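Participant: Quick one, target_34.csv (CSV, C-alpha atoms):
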```
chain,number,residue,atom,x,y,z
E,15,MET,CA,0.0,0.0,0.0
E,16,ARG,CA,1.5,3.3,-1.1
E,17,ILE,CA,0.8,6.7,0.1
E,18,GLN,CA,1.4,9.9,-1.8
E,19,ILE,CA,1.5,13.5,-0.6
E,20,ASP,CA,1.8,16.6,-2.6
E,21,THR,CA,3.6,19.6,-1.0
E,22,ASN,CA,2.0,21.9,-3.6
E,23,LEU,CA,-1.5,21.3,-2.3
E,24,SER,CA,-3.1,23.7,0.1
E,25,THR,CA,-4.3,20.8,2.3
E,26,PRO,CA,-1.9,20.5,5.3
E,27,LEU,CA,0.5,17.6,4.9
E,28,PHE,CA,-0.6,15.9,8.1
E,29,LYS,CA,-4.2,16.0,6.9
E,30,GLN,CA,-3.2,14.5,3.5
E,31,LEU,CA,-1.5,11.7,5.5
E,32,MET,CA,-4.5,11.1,7.7
E,33,ASP,CA,-7.0,11.2,4.9
E,34,GLN,CA,-5.0,8.6,2.9
E,35,ILE,CA,-4.7,6.3,5.8
E,36,LYS,CA,-8.4,6.5,6.5
E,37,LYS,CA,-9.2,6.0,2.9
E,38,ALA,CA,-7.0,3.0,2.7
E,39,VAL,CA,-8.8,1.6,5.8
E,40,MET,CA,-12.2,2.2,4.2
E,41,ASP,CA,-11.1,0.7,0.9
E,42,GLY,CA,-9.9,-2.4,2.7
E,43,LEU,CA,-6.2,-1.8,1.6
E,44,LEU,CA,-5.3,-1.6,5.3
E,45,LYS,CA,-6.9,-4.1,7.6
E,46,PRO,CA,-7.2,-4.1,11.4
E,47,GLY,CA,-3.9,-5.3,12.9
E,48,ASN,CA,-1.8,-4.4,9.8
E,49,PRO,CA,1.5,-2.8,10.9
E,50,LEU,CA,2.3,0.8,10.0
E,51,PRO,CA,5.8,2.2,9.5
E,52,SER,CA,7.4,4.1,12.4
E,53,ILE,CA,7.2,7.9,12.5
E,54,ARG,CA,10.9,8.2,11.6
E,55,GLN,CA,10.6,5.8,8.7
E,56,LEU,CA,7.6,7.4,7.1
E,57,ALA,CA,8.9,11.0,7.7
E,58,ASN,CA,12.2,10.2,6.1
E,59,ASP,CA,10.6,8.3,3.2
E,60,LEU,CA,8.2,11.2,2.5
E,61,GLU,CA,11.0,13.8,3.3
E,62,LEU,CA,8.7,15.4,5.9
E,63,ASN,CA,9.4,16.8,9.3
E,64,HIS,CA,8.9,14.1,12.0
E,65,ASN,CA,6.5,16.3,13.8
E,66,THR,CA,4.1,16.3,10.8
E,67,VAL,CA,3.9,12.5,10.8
E,68,ALA,CA,3.7,12.4,14.6
E,69,LYS,CA,0.8,14.8,14.5
E,70,ALA,CA,-1.1,12.7,11.9
E,71,TYR,CA,-0.4,9.6,13.9
E,72,ARG,CA,-1.5,11.3,17.2
E,73,ILE,CA,-4.8,12.4,15.7
E,74,LEU,CA,-5.4,9.0,14.1
E,75,GLU,CA,-4.7,7.3,17.5
E,76,ARG,CA,-7.1,9.7,19.2
E,77,ASP,CA,-9.8,8.7,16.7
E,78,SER,CA,-9.0,5.0,17.3
E,79,VAL,CA,-8.0,4.5,13.6
E,80,ILE,CA,-4.5,3.3,14.6
E,81,GLN,CA,-3.0,2.1,17.9
E,82,THR,CA,0.5,2.1,19.2
E,83,LYS,CA,1.7,-0.7,21.4
E,84,GLY,CA,5.2,0.1,22.7
E,85,TYR,CA,7.9,-1.9,21.0
E,86,ARG,CA,5.4,-3.7,18.7
E,87,GLY,CA,5.0,-0.4,16.9
E,88,THR,CA,1.9,1.2,15.3
E,89,SER,CA,-0.9,-0.8,13.7
E,90,ILE,CA,-4.4,-0.4,12.4
E,91,HIS,CA,-7.0,-0.3,15.2
E,92,ALA,CA,-9.6,-3.1,15.4
E,93,ASP,CA,-12.4,-0.6,15.1
E,94,ALA,CA,-10.6,1.4,12.4
E,95,ILE,CA,-13.2,0.8,9.7
E,96,GLN,CA,-16.1,2.4,11.6
E,97,ASN,CA,-13.9,5.1,13.1
E,98,SER,CA,-12.5,6.1,9.7
E,99,THR,CA,-15.9,7.1,8.6
E,100,VAL,CA,-16.3,9.5,11.4
E,101,ASN,CA,-15.4,13.0,10.3
E,102,MET,CA,-14.2,14.8,13.4
E,103,ASN,CA,-14.4,18.2,11.7
E,104,ASP,CA,-18.1,17.7,10.9
E,105,SER,CA,-18.8,16.4,14.4
E,106,ILE,CA,-17.2,19.4,16.1
E,107,THR,CA,-18.9,21.9,13.8
E,108,THR,CA,-22.3,20.3,14.4
E,109,LYS,CA,-21.8,20.3,18.2
E,110,LEU,CA,-20.5,23.9,18.3
E,111,SER,CA,-23.3,25.1,16.1
E,112,GLU,CA,-25.9,23.6,18.4
E,113,THR,CA,-24.2,25.2,21.5
E,114,ILE,CA,-24.0,28.6,19.8
E,115,LYS,CA,-27.6,28.4,18.7
E,116,SER,CA,-28.8,27.6,22.2
E,117,LEU,CA,-26.6,30.4,23.7
E,118,ARG,CA,-28.0,32.9,21.3
E,119,GLU,CA,-31.5,31.8,22.2
E,120,SER,CA,-30.7,32.4,25.9
E,121,GLY,CA,-29.7,36.0,25.0
E,122,ALA,CA,-25.9,35.9,24.7
E,123,THR,CA,-24.4,38.1,22.1
E,124,ASP,CA,-21.8,36.9,19.6
E,125,SER,CA,-19.1,39.0,21.2
E,126,GLU,CA,-19.9,37.5,24.6
E,127,ILE,CA,-19.8,34.0,23.2
E,128,ARG,CA,-16.5,34.6,21.5
E,129,ILE,CA,-14.9,36.0,24.7
E,130,ALA,CA,-16.3,33.1,26.8
E,131,PHE,CA,-15.1,30.5,24.2
E,132,SER,CA,-11.7,32.1,24.1
E,133,ASN,CA,-11.4,32.0,27.9
E,134,VAL,CA,-12.6,28.4,28.1
E,135,MET,CA,-10.0,27.3,25.5
E,136,LYS,CA,-7.3,29.2,27.4
E,137,ASN,CA,-8.2,27.5,30.7
E,138,GLN,CA,-8.3,24.0,29.2
M,24,MET,CA,57.0,-23.3,-0.7
M,25,ASN,CA,59.1,-20.5,0.7
M,26,ILE,CA,57.0,-18.3,2.9
M,27,ASP,CA,58.5,-15.1,1.4
M,28,LEU,CA,57.7,-16.2,-2.1
M,29,LEU,CA,54.1,-17.0,-1.0
M,30,LEU,CA,53.8,-13.6,0.5
M,31,TYR,CA,55.0,-11.9,-2.8
M,32,ILE,CA,52.4,-14.0,-4.8
M,33,VAL,CA,49.6,-13.2,-2.4
M,34,LEU,CA,50.5,-9.5,-2.3
M,35,PHE,CA,50.7,-9.3,-6.0
M,36,SER,CA,47.3,-10.9,-6.2
M,37,GLN,CA,46.0,-8.3,-3.7
M,38,ILE,CA,47.4,-5.5,-5.8
M,39,MET,CA,45.9,-6.8,-9.0
M,40,PHE,CA,42.6,-7.6,-7.5
M,41,LEU,CA,42.0,-4.4,-5.5
M,42,SER,CA,43.8,-1.8,-7.6
M,43,TYR,CA,43.2,-3.2,-11.1
M,44,TYR,CA,40.3,-5.7,-11.2
M,45,TYR,CA,38.0,-4.0,-8.7
M,46,PRO,CA,38.3,-0.5,-10.1
M,47,ARG,CA,38.1,-1.9,-13.7
M,48,LYS,CA,34.8,-3.5,-12.8
M,49,MET,CA,33.6,-0.2,-11.2
M,50,LEU,CA,34.6,1.9,-14.2
M,51,ILE,CA,32.9,-0.5,-16.6
M,52,ARG,CA,29.8,-0.1,-14.5
M,53,ILE,CA,30.1,3.7,-14.6
M,54,HIS,CA,30.7,3.9,-18.3
M,55,THR,CA,27.9,1.4,-19.0
M,56,ILE,CA,25.6,3.9,-17.3
M,57,PHE,CA,27.0,6.8,-19.3
M,58,GLU,CA,26.5,5.0,-22.5
M,59,ASN,CA,23.1,3.3,-21.9
M,60,TYR,CA,21.5,6.1,-20.0
M,61,PRO,CA,22.7,9.3,-21.6
M,62,PRO,CA,21.9,12.8,-20.3
M,63,SER,CA,19.7,13.6,-23.3
M,64,GLU,CA,17.2,10.8,-22.3
M,65,PHE,CA,17.8,10.6,-18.5
M,66,PRO,CA,18.5,14.2,-17.5
M,67,LYS,CA,17.6,13.6,-13.8
M,68,LEU,CA,20.5,11.1,-13.6
M,69,TYR,CA,23.0,14.0,-14.2
M,70,PRO,CA,22.5,16.9,-11.9
M,71,GLU,CA,25.8,18.2,-13.2
M,72,SER,CA,27.6,18.0,-16.5
M,73,ILE,CA,28.5,14.4,-17.7
M,74,GLU,CA,32.0,15.7,-18.5
M,75,LYS,CA,32.5,16.4,-14.8
M,76,TYR,CA,31.6,12.8,-14.0
M,77,LYS,CA,33.8,11.5,-16.7
M,78,LYS,CA,36.7,13.5,-15.2
M,79,SER,CA,36.0,12.0,-11.8
M,80,ALA,CA,36.0,8.5,-13.2
M,81,LYS,CA,39.3,9.2,-14.9
M,82,ARG,CA,40.7,10.5,-11.6
M,83,TYR,CA,39.6,7.3,-9.9
M,84,GLN,CA,41.3,5.3,-12.6
M,85,VAL,CA,44.6,7.3,-12.3
M,86,MET,CA,44.6,7.0,-8.5
M,87,ASN,CA,44.2,3.3,-8.7
M,88,HIS,CA,47.0,3.0,-11.3
M,89,LEU,CA,49.3,5.0,-9.0
M,90,ILE,CA,48.4,2.8,-6.0
M,91,MET,CA,49.1,-0.3,-8.2
M,92,VAL,CA,52.6,1.1,-9.0
M,93,LEU,CA,53.1,1.8,-5.2
M,94,GLY,CA,52.2,-1.9,-4.6
M,95,PHE,CA,54.7,-3.2,-7.0
M,96,GLY,CA,57.3,-0.9,-5.3
M,97,LEU,CA,56.2,-2.5,-2.0
M,98,ILE,CA,56.9,-6.0,-3.4
M,99,LEU,CA,60.3,-4.9,-4.6
M,100,TRP,CA,61.1,-3.4,-1.2
M,101,PHE,CA,60.0,-6.6,0.5
M,102,TYR,CA,62.3,-8.5,-1.9
M,103,VAL,CA,65.4,-6.4,-1.4
M,104,THR,CA,65.1,-6.0,2.4
M,105,PRO,CA,65.5,-9.0,4.8
M,106,ARG,CA,62.1,-10.2,6.0
M,107,THR,CA,61.7,-10.2,9.8
M,108,GLY,CA,58.0,-10.8,9.6
M,109,GLY,CA,57.1,-8.5,12.5
M,110,TRP,CA,56.0,-5.5,10.5
M,111,ASP,CA,54.9,-7.1,7.3
M,112,GLN,CA,51.2,-7.4,8.2
M,113,VAL,CA,51.1,-3.8,9.5
M,114,ILE,CA,52.6,-2.6,6.2
M,115,ILE,CA,50.1,-4.7,4.2
M,116,PHE,CA,47.3,-3.4,6.4
M,117,TRP,CA,48.2,0.2,5.6
M,118,TYR,CA,48.7,-0.6,2.0
M,119,PHE,CA,45.1,-2.0,1.9
M,120,MET,CA,43.9,1.3,3.5
M,121,ILE,CA,45.6,3.2,0.7
M,122,GLN,CA,44.0,0.8,-1.8
M,123,PHE,CA,40.6,1.6,-0.5
M,124,LEU,CA,41.1,5.4,-0.5
M,125,PRO,CA,39.7,5.8,-4.1
M,126,ASN,CA,36.6,3.9,-3.1
M,127,ILE,CA,36.1,6.1,-0.1
M,128,GLY,CA,36.4,9.0,-2.6
M,129,ILE,CA,33.6,7.4,-4.6
M,130,GLU,CA,31.4,7.2,-1.5
M,131,LEU,CA,32.1,10.9,-0.7
M,132,TRP,CA,31.4,11.8,-4.4
M,133,ALA,CA,28.1,9.8,-4.1
M,134,ILE,CA,27.0,12.0,-1.2
M,135,LYS,CA,27.8,15.2,-3.2
M,136,TYR,CA,26.0,13.7,-6.2
M,137,HIS,CA,22.8,12.9,-4.3
M,138,ASN,CA,22.9,16.4,-2.6
M,139,ALA,CA,23.0,18.0,-6.1
M,140,MET,CA,20.2,15.8,-7.2
M,141,ARG,CA,18.1,16.8,-4.2
M,142,LEU,CA,18.8,20.5,-4.8
M,143,LEU,CA,17.5,20.2,-8.4
M,144,ASN,CA,14.6,18.0,-7.6
M,145,GLN,CA,11.3,19.8,-8.5
M,146,ASP,CA,8.9,17.0,-7.7
M,147,THR,CA,6.3,18.1,-5.2
M,148,GLN,CA,4.8,14.6,-5.0
M,149,LYS,CA,6.4,12.2,-2.5
M,150,GLU,CA,5.6,8.6,-2.2
M,151,ALA,CA,6.1,6.0,0.5
M,152,VAL,CA,5.0,2.5,1.2
M,153,LEU,CA,2.8,2.1,4.3
M,154,GLN,CA,4.7,-0.9,5.6
M,155,PRO,CA,7.4,-1.1,8.3
M,156,ARG,CA,10.8,-2.2,7.2
M,157,ARG,CA,12.4,-5.0,9.1
M,158,LEU,CA,15.8,-6.5,8.9
M,159,THR,CA,14.4,-9.9,7.9
M,160,ASP,CA,12.8,-8.2,4.8
M,161,PHE,CA,16.3,-7.9,3.4
M,162,VAL,CA,18.2,-10.9,4.7
M,163,SER,CA,17.2,-14.4,5.6
M,164,LYS,CA,16.9,-15.4,9.2
M,165,ASN,CA,19.5,-18.1,8.5
M,166,LEU,CA,22.1,-15.5,7.6
M,167,LEU,CA,21.3,-13.4,10.7
M,168,GLY,CA,21.4,-16.6,12.8
M,169,THR,CA,24.7,-17.5,11.3
M,170,VAL,CA,26.2,-14.2,12.2
M,171,ILE,CA,25.0,-14.4,15.8
M,172,LEU,CA,26.2,-18.1,16.1
M,173,ILE,CA,29.7,-17.2,14.8
M,174,TYR,CA,29.8,-14.3,17.2
M,175,VAL,CA,29.0,-16.6,20.1
M,176,ILE,CA,31.7,-19.1,18.8
M,177,PHE,CA,34.1,-16.2,18.5
M,178,VAL,CA,33.6,-15.1,22.1
M,179,GLY,CA,33.9,-18.7,23.3
M,180,PHE,CA,37.0,-19.1,21.2
M,181,ILE,CA,38.7,-16.1,22.8
M,182,ALA,CA,37.8,-17.4,26.2
M,183,TYR,CA,39.4,-20.7,25.3
M,184,VAL,CA,42.5,-19.0,23.9
M,185,ASP,CA,42.8,-17.2,27.2
M,186,GLN,CA,44.1,-20.4,28.7
M,187,PHE,CA,47.3,-20.2,26.6
M,188,ASP,CA,48.6,-17.1,28.4
M,189,TYR,CA,47.7,-14.9,25.5
M,190,PRO,CA,48.7,-11.3,25.6
M,191,TRP,CA,46.4,-8.3,25.0
M,192,PHE,CA,44.0,-9.1,27.9
M,193,GLY,CA,43.7,-12.7,26.6
M,194,GLY,CA,42.3,-11.5,23.3
M,195,TYR,CA,39.3,-9.9,25.0
M,196,LEU,CA,40.4,-6.6,23.4
M,197,ASN,CA,39.6,-8.3,20.1
M,198,VAL,CA,36.0,-9.0,21.3
M,199,LEU,CA,35.7,-5.4,22.4
M,200,ILE,CA,37.0,-4.0,19.1
M,201,ILE,CA,34.9,-6.3,17.0
M,202,SER,CA,31.8,-5.6,19.0
M,203,GLY,CA,32.5,-1.9,18.5
M,204,VAL,CA,32.9,-2.5,14.7
M,205,PHE,CA,29.5,-4.3,14.8
M,206,LEU,CA,27.8,-1.5,16.5
M,207,PHE,CA,29.1,0.8,13.7
M,208,PHE,CA,27.8,-1.7,11.1
M,209,GLY,CA,24.5,-1.7,12.9
M,210,LEU,CA,24.3,2.1,12.7
M,211,ILE,CA,25.0,1.9,8.9
M,212,ILE,CA,22.3,-0.6,8.4
M,213,TYR,CA,19.9,1.4,10.6
M,214,ARG,CA,20.6,4.6,8.6
M,215,ALA,CA,20.1,2.7,5.3
M,216,MET,CA,16.8,1.3,6.5
M,217,TYR,CA,15.2,4.2,8.3
M,218,GLY,CA,17.4,7.2,7.4
M,219,LYS,CA,16.6,9.9,4.9
M,220,VAL,CA,16.2,9.1,1.3
M,221,LYS,CA,19.5,9.7,-0.5
M,222,ASN,CA,18.3,9.6,-4.0
M,223,PRO,CA,15.1,11.6,-4.4
M,224,HIS,CA,14.2,9.9,-7.8
M,225,GLN,CA,15.0,6.3,-6.9
M,226,SER,CA,12.1,3.9,-7.0
M,227,TYR,CA,11.0,2.2,-3.8
M,228,GLU,CA,12.0,-1.2,-5.3
M,229,ASP,CA,15.5,0.0,-6.2
M,230,ARG,CA,15.9,1.4,-2.7
M,231,LYS,CA,15.0,-2.0,-1.4
M,232,ILE,CA,17.6,-3.6,-3.6
M,233,ASP,CA,20.2,-1.1,-2.4
M,234,ILE,CA,19.4,-1.8,1.2
M,235,GLN,CA,19.4,-5.5,0.6
M,236,THR,CA,22.8,-5.4,-1.0
M,237,LEU,CA,24.2,-3.3,1.7
M,238,VAL,CA,22.9,-5.4,4.6
M,239,ARG,CA,24.1,-8.6,2.9
M,240,GLN,CA,27.5,-7.1,2.3
M,241,ILE,CA,27.8,-5.9,5.9
M,242,LEU,CA,26.7,-9.3,7.4
M,243,SER,CA,29.1,-11.2,5.1
M,244,ILE,CA,31.9,-8.8,6.1
M,245,ALA,CA,31.0,-9.3,9.8
M,246,ILE,CA,31.4,-13.1,9.3
M,247,ALA,CA,34.7,-12.6,7.5
M,248,VAL,CA,36.0,-10.3,10.3
M,249,MET,CA,35.3,-12.8,13.0
M,250,LEU,CA,36.7,-15.8,11.1
M,251,TYR,CA,39.8,-13.7,10.4
M,252,ALA,CA,40.2,-12.7,14.0
M,253,MET,CA,39.9,-16.3,15.1
M,254,LEU,CA,42.5,-17.3,12.5
M,255,GLN,CA,44.9,-14.6,13.6
M,256,ASN,CA,44.6,-15.7,17.2
M,257,SER,CA,45.1,-19.3,16.3
M,258,LEU,CA,48.3,-18.4,14.3
M,259,LYS,CA,49.6,-16.6,17.4
M,260,VAL,CA,48.8,-19.4,19.8
M,261,PHE,CA,50.3,-22.1,17.5
M,262,GLY,CA,53.4,-20.1,16.8
M,263,LEU,CA,52.6,-19.6,13.1
M,264,GLU,CA,53.1,-15.9,13.1
M,265,SER,CA,55.1,-16.0,9.9
M,266,PHE,CA,51.8,-16.6,8.1
M,267,LYS,CA,50.1,-13.6,9.5
M,268,ALA,CA,51.0,-11.2,6.6
M,269,ILE,CA,49.8,-13.8,4.1
M,270,SER,CA,46.5,-14.3,6.0
M,271,ILE,CA,45.8,-10.6,6.3
M,272,SER,CA,46.3,-10.2,2.5
M,273,LEU,CA,44.0,-13.1,1.8
M,274,TYR,CA,41.5,-11.5,4.2
M,275,PHE,CA,41.6,-8.3,2.2
M,276,HIS,CA,40.9,-10.3,-0.9
M,277,VAL,CA,37.7,-11.5,0.7
M,278,ILE,CA,36.7,-8.0,1.9
M,279,GLY,CA,37.3,-6.7,-1.6
M,280,PHE,CA,35.2,-9.5,-3.1
M,281,LEU,CA,32.4,-9.0,-0.7
M,282,SER,CA,32.4,-5.2,-1.4
M,283,MET,CA,32.0,-5.6,-5.1
M,284,GLN,CA,28.6,-7.4,-4.9
M,285,TRP,CA,26.8,-4.6,-6.6
M,286,PRO,CA,23.2,-4.9,-7.9
M,287,ARG,CA,22.9,-5.6,-11.6
M,288,LEU,CA,22.2,-2.5,-13.6
M,289,ASP,CA,19.5,-4.2,-15.7
M,290,PHE,CA,17.5,-4.9,-12.5
M,291,LEU,CA,17.3,-1.1,-11.7
M,292,ASN,CA,14.6,1.2,-12.9
M,293,PHE,CA,16.2,4.1,-14.8
M,294,ASP,CA,12.9,5.4,-16.1
M,295,VAL,CA,12.6,7.5,-13.0
M,296,TYR,CA,15.5,9.6,-14.3
M,297,LYS,CA,13.6,10.6,-17.5
M,298,ASP,CA,12.2,14.0,-18.0
M,299,LYS,CA,8.6,13.0,-17.1
M,300,PRO,CA,8.5,11.2,-13.8
M,301,ALA,CA,7.3,7.6,-13.9
M,302,LEU,CA,3.8,6.9,-12.6
M,303,THR,CA,5.1,4.9,-9.7
M,304,LYS,CA,8.3,6.0,-8.2
```
Represent the structure of the file as structure tokens.
Facilitator:
Amino acid sequence: MRIQIDTNLSTPLFKQLMDQIKKAVMDGLLKPGNPLPSIRQLANDLELNHNTVAKAYRILERDSVIQTKGYRGTSIHADAIQNSTVNMNDSITTKLSETIKSLRESGATDSEIRIAFSNVMKNQ
Amino acid sequence: MNIDLLLYIVLFSQIMFLSYYYPRKMLIRIHTIFENYPPSEFPKLYPESIEKYKKSAKRYQVMNHLIMVLGFGLILWFYVTPRTGGWDQVIIFWYFMIQFLPNIGIELWAIKYHNAMRLLNQDTQKEAVLQPRRLTDFVSKNLLGTVILIYVIFVGFIAYVDQFDYPWFGGYLNVLIISGVFLFFGLIIYRAMYGKVKNPHQSYEDRKIDIQTLVRQILSIAIAVMLYAMLQNSLKVFGLESFKAISISLYFHVIGFLSMQWPRLDFLNFDVYKDKPALTK
């Protein structure tokens, strides 16, 4: 299974990586338990910064698309197929929209919501 | 047969093999690339002018010829001076180091060559295979097992030799030095397997061939190093030190032979060096 990234595209490199791994899972090219290369190997092969690959792996791990098991390395998560279909961006947007809508209904202004949101993010 | 005569024959063979045959094979390989894959069709293969590369090849040839003449001078010097045996192997060792200098030059040249290639590389698409590389992808478990087994035998052998009141900490210094060399070999293999891509145009399959060749060479050399160290210790223990110079020269023959196990050119994908990048790198 090959992965290809294009440094000319406006899509961030880590996103390109994530999308292709998710697509490979959904297309059945990568199956649960299949091993993935280490961050160092993939970063050097794609001539990317290690942090870029690490970021993609971190988010995929958070979404339970991949899993890291110490010295055994990184592999595809058992629930990767169903988790790959979940689009986190859409999910966050939907939840935030609902919250903002209810806050507006309770009388809060956009400015107050922005300040409160900013404060909450800072305190997290 | 007279030991001195045997030494001259083996040294002559070393000179011819490492300063004539080996570079000749290397130059034939380089010129085959120049002829079969010209800059007009494979521009990415030549980040700089082909004339510059031809000059470098000529320089390599001249250097080897000079080293060959130096070797003949060495045989003559061995012949006219009385042989005490003590320093012969040290002299042969340093002569071998000189013989390998042009090849170190080639390696340094390759680094510069790949850097120039990377600087000119305009490809924005990068490709990788989503599969971890493991040592056993490149060499058989049998070969790996053989290296480990010989290492264990080697350490056991040194411990055995220790009973014979052997100098140099009973030969344990040999174990330490060879273990250090193996660590260095391990580092080279690790860099080849997981390090940065040297040649930005090279296909994944060709890179695998390169890594496989390197790993096999290094493991074979590791075996040769240990067998040679055991032989040297045995010669010392059994009082056959007069054969040490001959054995070191034969050992360098083996090292030279193992170093020239290059991948066949017709197995490599040169299409990636054409103007339009191939669909699959």
Participant: Considering only C-alpha atoms, tabulate each residue of chain M that lies at most 7 Å from chain E along with its nearest interatomic pair and the corresponding distance in Å to one decimal; arrange the rows by chain and ascending residue number and present them as JSON lines.
Facilitator:
```
{"residue": "M:Thr147", "atom": "CA", "partner": "E:Thr21", "partner_atom": "CA", "distance": 5.2}
{"residue": "M:Gln148", "atom": "CA", "partner": "E:Asp20", "partner_atom": "CA", "distance": 4.3}
{"residue": "M:Lys149", "atom": "CA", "partner": "E:Leu60", "partner_atom": "CA", "distance": 5.4}
{"residue": "M:Glu150", "atom": "CA", "partner": "E:Gln18", "partner_atom": "CA", "distance": 4.4}
{"residue": "M:Ala151", "atom": "CA", "partner": "E:Ile17", "partner_atom": "CA", "distance": 5.4}
{"residue": "M:Val152", "atom": "CA", "partner": "E:Arg16", "partner_atom": "CA", "distance": 4.3}
{"residue": "M:Leu153", "atom": "CA", "partner": "E:Met15", "partner_atom": "CA", "distance": 5.5}
{"residue": "M:Gln154", "atom": "CA", "partner": "E:Pro51", "partner_atom": "CA", "distance": 5.1}
{"residue": "M:Pro155", "atom": "CA", "partner": "E:Pro51", "partner_atom": "CA", "distance": 3.9}
{"residue": "M:Tyr217", "atom": "CA", "partner": "E:Gln55", "partner_atom": "CA", "distance": 4.9}
{"residue": "M:Gly218", "atom": "CA", "partner": "E:Asn58", "partner_atom": "CA", "distance": 6.1}
{"residue": "M:Lys219", "atom": "CA", "partner": "E:Asn58", "partner_atom": "CA", "distance": 4.6}
{"residue": "M:Val220", "atom": "CA", "partner": "E:Asp59", "partner_atom": "CA", "distance": 6.0}
```
Participant: Ranking M:Ile53, M:Leu28, M:Ile271, M:Leu166 by minimum distance to Phe116 of chain M and counting only C-alpha atoms, which one comes first?
Facilitator: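 Ranking M:Ile53, M:Leu28, M:Ile271, M:Leu166 by distance to Phe116 of chain M, first place goes to M:Ile271.
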Participant: Can you measure atom CA of Leu41 of chain M to atom CA of His276 of chain M for me? One decimal in Å is fine.
Facilitator: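 Separating atom CA of Leu41 of chain M from atom CA of His276 of chain M is a distance of 7.6 Å.
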Participant: How many Å separate atom CA of Gln84 of chain M from atom CA of Pro46 of chain M?
Facilitator: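 Atom-to-atom, atom CA of Gln84 of chain M and atom CA of Pro46 of chain M are spaced 7.0 Å apart.
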Participant: From the list M:Ile200, M:Ser282, M:Val184, M:Gln145, which residue is nearest Lys259 of chain M when using only C-alpha atoms?
Facilitator: M:Val184
Participant: Do a neighbour search on Asp27 of chain M at 9 Å with only C-alpha atoms, toss out local chain neighbours closer than 2 positions, and write the hits as a list of chain:residue names.
Facilitator: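 Contacts, with the query itself left out: M:Met24, M:Asn25, M:Leu29, M:Leu30, M:Tyr31, M:Ile32, M:Phe101, M:Tyr102, M:Arg106.
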Participant: Keeping only C-alpha atoms, take the residues you just selected and write them out as a short mmCIF file (atom, residue, chain, number, x, y, z; two decimals), in the coordinates of the input.
Facilitator:
```
data_model
loop_
_atom_site.label_atom_id
_atom_site.label_comp_id
_atom_site.auth_asym_id
_atom_site.auth_seq_id
_atom_site.Cartn_x
_atom_site.Cartn_y
_atom_site.Cartn_z
CA MET M 24 57.00 -23.30 -0.70
CA ASN M 25 59.10 -20.50 0.70
CA LEU M 29 54.10 -17.00 -1.00
CA LEU M 30 53.80 -13.60 0.50
CA TYR M 31 55.00 -11.90 -2.80
CA ILE M 32 52.40 -14.00 -4.80
CA PHE M 101 60.00 -6.60 0.50
CA TYR M 102 62.30 -8.50 -1.90
CA ARG M 106 62.10 -10.20 6.00
#
```
Participant: Applying 10 Å and all atoms listed in the file, which residues near segment 126-140 of chain M remain after dropping the ones on its own chain fewer than 4 positions away? List them as a VMD selection string.
Facilitator: chain M and resid 45 to 46 49 67 to 71 76 79 to 80 83 87 120 to 122 144 to 145 220 to 224
Participant: Hey, can you check how far atom CA of Asn256 of chain M sits from atom CA of Phe205 of chain M?
Facilitator: 19.1 Å
Participant: With distances taken over all atoms listed in the file, which residue among M:Ile26, M:Leu250, M:Ile212, M:Ile115 lies nearest Ile234 of chain M?
Facilitator: M:Ile212
Participant: Near Val85 of chain M, within 12 Å and counting only C-alpha atoms, which residues show up once chain neighbours fewer than 5 positions away are dropped, as a ChimeraX atom specification?
Facilitator: /M:42-43,46-47,50,78-80,90-92,125
Participant: Counting only C-alpha atoms, what is within 10 Å of Ile114 of chain E, bar same-chain residues fewer than 3 positions away, as a PyMOL selection string?
Facilitator: chain E and resi 109-111+117-120+122-124+127-128
Participant: Restricting the calculation to all atoms listed in the file, which member of M:Thr236, M:Gln284, M:Gln37, M:Gln225 is positioned closest to Tyr118 of chain M?
Facilitator: M:Gln37
